[in-house]
Amino acid sequence: MNITLRIWRQQNANAPGRFVTYQVKDVTGNMSFLEMLDALNEDLLSRNEPPVAFEHDCREGICGSCGFLINGVAHGGRRGTTACQLSMRFFKDGDSLTLEPWRARAFPVVRDLIVNRSAFDLIIQAGGFISVPTGSAPDANAILVPKEAADTAFDAATCIGCGACVAACPNAAAMLFTSAKVTHLNTFPQGEPQRDERTLSMVVAMANEHFGSCTNHGECAGVCPKQIPLEFIGKMNRDLVRATWRRHREPLVIPGVRQHPSHEDAHEHLET
């Protein structure tokens with residue numbers, strides 16, 4: 001089949017961008033979406049034209065590298081599917097597709113379909129860890145983890161940080177991503193010692209990176225390729241209330257995190 005692609009081309013973050021139309025011929029249903037783009041790039045290179053830049057790594061829906069808007073929907077809109085897992089059998093001959101990068105202030109364009117998602121890294125650095133005692137290895141059953149807690153933590157850990165939730169949100173909020181990372185570690189008994197500090201610091205880091213506020217549109221969960229549920233945002237909201245109460249509204253000082261808003265300001269990014 002033949003596919004028409006209207007792709008956003010932009011040399012770098014400071015250069016103007018524009019849509020360019022390409023024709024891709026002899027596409028088979030067995031191709032993945034990225035393999036179809038590979039075929040386009042091979043054709044462009046054969047004509048001494050610059051290939052379309054897009055991110056990829058494992059191509060198995062695990063790494064979170066791939067991701068862009070396809071006809072205005074993150075990853076193409078199929079439930080639980082990343083762009084690399086999207087098969088061309090879901091399209092038909094003559095289809096016209098528009099491809100563009102994530103659109104969010106916190107995700108500046110690097111080139112073409114690639115954006116800089118280092119803002120996610122800063123959120124994780126702010127609290128994505130637990131403290132454990134050093135010394136001899138503890139017995140495997142020394143700290144028991146309830147099955148419900150283990151299941152919840154595993155579900156949260158499936159977040160691959162692709163950024164689709166931010167791209168789909170009308171406010172470019174990072175609540176689903178941040179809540180998944182917070183829930184992952186806060187659910188375990190091992191994560192309890194830093195639970196309050198982790199929640200506060202990651203929410204402040206999220207606010208510092210200029211993500212928007214959550215207004216319960218639910219688009220984030222709708223496009224998440226790992227189907228992270230909205231209930232994790234509620235869990236993070238409750239943990240934030242608990243953390244600020246226990247800190248008695250004292251000014252929050254977190255080493256290594258830029259202090260623009262206080263933890264009171266962090267509430268503005270959550271559903272009240």
# chains A, B, ... in the order shown; residues from 1 in each chain; ligands from 1
>>> select_by_dssp(residues="segment 145-220 of chain A", states="alpha helix (DSSP H)", output="JSON, numbers by chain")
{"A": [147, 148, 149, 150, 151, 152, 153, 154, 155, 156, 157, 164, 165, 166, 167, 168, 175, 176, 177, 178, 179, 180, 181, 182, 183, 184, 185, 186, 195, 196, 197, 198, 199, 200, 201, 202, 203, 204, 205, 206, 207, 208, 219, 220]}
>>> write_last_selection(atoms="N, CA and C atoms", output="compact mmCIF listing (two decimals), in the first residue's frame")
# COMPACT_ATOMS: atom_id res chain seq x y z
N LYS A 147 0.80 -8.53 48.99
CA LYS A 147 0.59 -8.75 47.56
C LYS A 147 -0.07 -7.55 46.89
N GLU A 148 -1.05 -6.95 47.56
CA GLU A 148 -1.72 -5.80 46.97
C GLU A 148 -0.74 -4.66 46.72
N ALA A 149 0.17 -4.45 47.69
CA ALA A 149 1.18 -3.40 47.53
C ALA A 149 2.12 -3.73 46.38
N ALA A 150 2.53 -5.00 46.30
CA ALA A 150 3.43 -5.42 45.23
C ALA A 150 2.77 -5.25 43.87
N ASP A 151 1.50 -5.60 43.76
CA ASP A 151 0.79 -5.46 42.49
C ASP A 151 0.67 -3.99 42.08
N THR A 152 0.34 -3.14 43.05
CA THR A 152 0.21 -1.71 42.76
C THR A 152 1.54 -1.12 42.33
N ALA A 153 2.60 -1.47 43.05
CA ALA A 153 3.93 -0.95 42.72
C ALA A 153 4.36 -1.43 41.33
N PHE A 154 4.05 -2.68 41.01
CA PHE A 154 4.42 -3.21 39.70
C PHE A 154 3.68 -2.46 38.60
N ASP A 155 2.39 -2.22 38.81
CA ASP A 155 1.61 -1.47 37.81
C ASP A 155 2.19 -0.08 37.60
N ALA A 156 2.60 0.57 38.69
CA ALA A 156 3.18 1.91 38.57
C ALA A 156 4.54 1.86 37.87
N ALA A 157 5.29 0.80 38.14
CA ALA A 157 6.64 0.68 37.57
C ALA A 157 6.62 0.45 36.07
N ALA A 164 3.91 10.63 26.48
CA ALA A 164 2.62 10.72 25.79
C ALA A 164 1.57 11.42 26.64
N CYS A 165 1.62 11.20 27.96
CA CYS A 165 0.64 11.81 28.85
C CYS A 165 0.74 13.33 28.81
N VAL A 166 1.96 13.85 28.77
CA VAL A 166 2.16 15.29 28.70
C VAL A 166 1.67 15.84 27.37
N ALA A 167 2.00 15.12 26.29
CA ALA A 167 1.62 15.57 24.95
C ALA A 167 0.11 15.58 24.77
N ALA A 168 -0.59 14.64 25.40
CA ALA A 168 -2.04 14.54 25.22
C ALA A 168 -2.81 15.50 26.11
N MET A 175 1.32 15.00 35.60
CA MET A 175 0.79 14.36 36.80
C MET A 175 0.79 12.84 36.71
N LEU A 176 0.43 12.28 35.57
CA LEU A 176 0.36 10.82 35.47
C LEU A 176 1.74 10.22 35.60
N PHE A 177 2.72 10.80 34.92
CA PHE A 177 4.10 10.31 35.03
C PHE A 177 4.61 10.42 36.46
N THR A 178 4.48 11.61 37.07
CA THR A 178 5.00 11.82 38.41
C THR A 178 4.29 10.92 39.42
N SER A 179 2.98 10.78 39.28
CA SER A 179 2.24 9.94 40.23
C SER A 179 2.64 8.48 40.11
N ALA A 180 2.97 8.02 38.89
CA ALA A 180 3.43 6.65 38.73
C ALA A 180 4.75 6.43 39.45
N LYS A 181 5.66 7.38 39.32
CA LYS A 181 6.97 7.24 39.97
C LYS A 181 6.85 7.35 41.49
N VAL A 182 5.98 8.25 41.95
CA VAL A 182 5.77 8.39 43.39
C VAL A 182 5.11 7.13 43.95
N THR A 183 4.06 6.65 43.29
CA THR A 183 3.33 5.47 43.76
C THR A 183 4.21 4.24 43.78
N HIS A 184 5.07 4.11 42.78
CA HIS A 184 5.96 2.95 42.70
C HIS A 184 6.75 2.76 43.99
N LEU A 185 7.36 3.83 44.47
CA LEU A 185 8.23 3.71 45.65
C LEU A 185 7.48 3.92 46.96
N ASN A 186 6.43 4.75 46.95
CA ASN A 186 5.69 4.98 48.20
C ASN A 186 4.90 3.76 48.65
N ARG A 195 8.96 8.64 52.28
CA ARG A 195 7.68 8.84 51.60
C ARG A 195 7.28 10.31 51.52
N ASP A 196 7.32 11.01 52.63
CA ASP A 196 6.89 12.41 52.64
C ASP A 196 7.85 13.29 51.83
N GLU A 197 9.15 13.13 52.07
CA GLU A 197 10.12 13.95 51.36
C GLU A 197 10.09 13.65 49.86
N ARG A 198 9.93 12.37 49.52
CA ARG A 198 9.87 11.99 48.11
C ARG A 198 8.70 12.68 47.41
N THR A 199 7.54 12.61 48.03
CA THR A 199 6.35 13.19 47.41
C THR A 199 6.50 14.69 47.23
N LEU A 200 6.94 15.37 48.27
CA LEU A 200 7.09 16.82 48.20
C LEU A 200 8.14 17.22 47.16
N SER A 201 9.28 16.56 47.18
CA SER A 201 10.37 16.97 46.30
C SER A 201 10.05 16.70 44.84
N MET A 202 9.38 15.58 44.54
CA MET A 202 9.07 15.28 43.15
C MET A 202 7.98 16.21 42.60
N VAL A 203 7.02 16.58 43.45
CA VAL A 203 5.99 17.53 43.02
C VAL A 203 6.60 18.91 42.79
N VAL A 204 7.51 19.34 43.67
CA VAL A 204 8.18 20.62 43.48
C VAL A 204 9.02 20.59 42.20
N ALA A 205 9.75 19.49 41.98
CA ALA A 205 10.55 19.38 40.75
C ALA A 205 9.66 19.44 39.52
N MET A 206 8.49 18.81 39.58
CA MET A 206 7.55 18.87 38.46
C MET A 206 7.11 20.30 38.21
N ALA A 207 6.81 21.04 39.28
CA ALA A 207 6.39 22.43 39.12
C ALA A 207 7.51 23.29 38.57
N ASN A 208 8.73 23.03 38.99
CA ASN A 208 9.88 23.81 38.53
C ASN A 208 10.12 23.67 37.03
N GLU A 219 -7.12 12.70 29.47
CA GLU A 219 -6.48 12.35 28.19
C GLU A 219 -5.18 11.59 28.41
N CYS A 220 -4.50 11.87 29.52
CA CYS A 220 -3.21 11.23 29.79
C CYS A 220 -3.36 9.71 29.87
>>> closest_residue(among="A:Leu5, A:Val115, A:Leu40, A:Ala13", to="Glu55 of chain A", atoms="only C-alpha atoms")
A:Val115
>>> closest_residue(among="A:Phe54, A:Phe120, A:Trp102, A:Phe129", to="Ile160 of chain A", atoms="only C-alpha atoms")
A:Phe120
>>> closest_residue(among="A:Val145, A:Ala83, A:Ala106, A:Ala221", to="Ala172 of chain A", atoms="only C-alpha atoms")
A:Ala106
>>> closest_residue(among="A:Ser46, A:Arg89, A:Ile70, A:Arg103", to="Val27 of chain A", atoms="only C-alpha atoms")
A:Arg89
>>> residues_around(residues="Gly67 of chain A", least_positions_apart="5", cutoff="12 Å", atoms="only C-alpha atoms", output="ChimeraX atom specification")
/A:33-34,53-57,59,61-62,73-77,81-86,99-103,112-117,160-168,223-225
>>> closest_residue(among="A:Cys58, A:Thr158, A:Ala173, A:Gln23", to="Leu44 of chain A", atoms="only C-alpha atoms")
A:Gln23
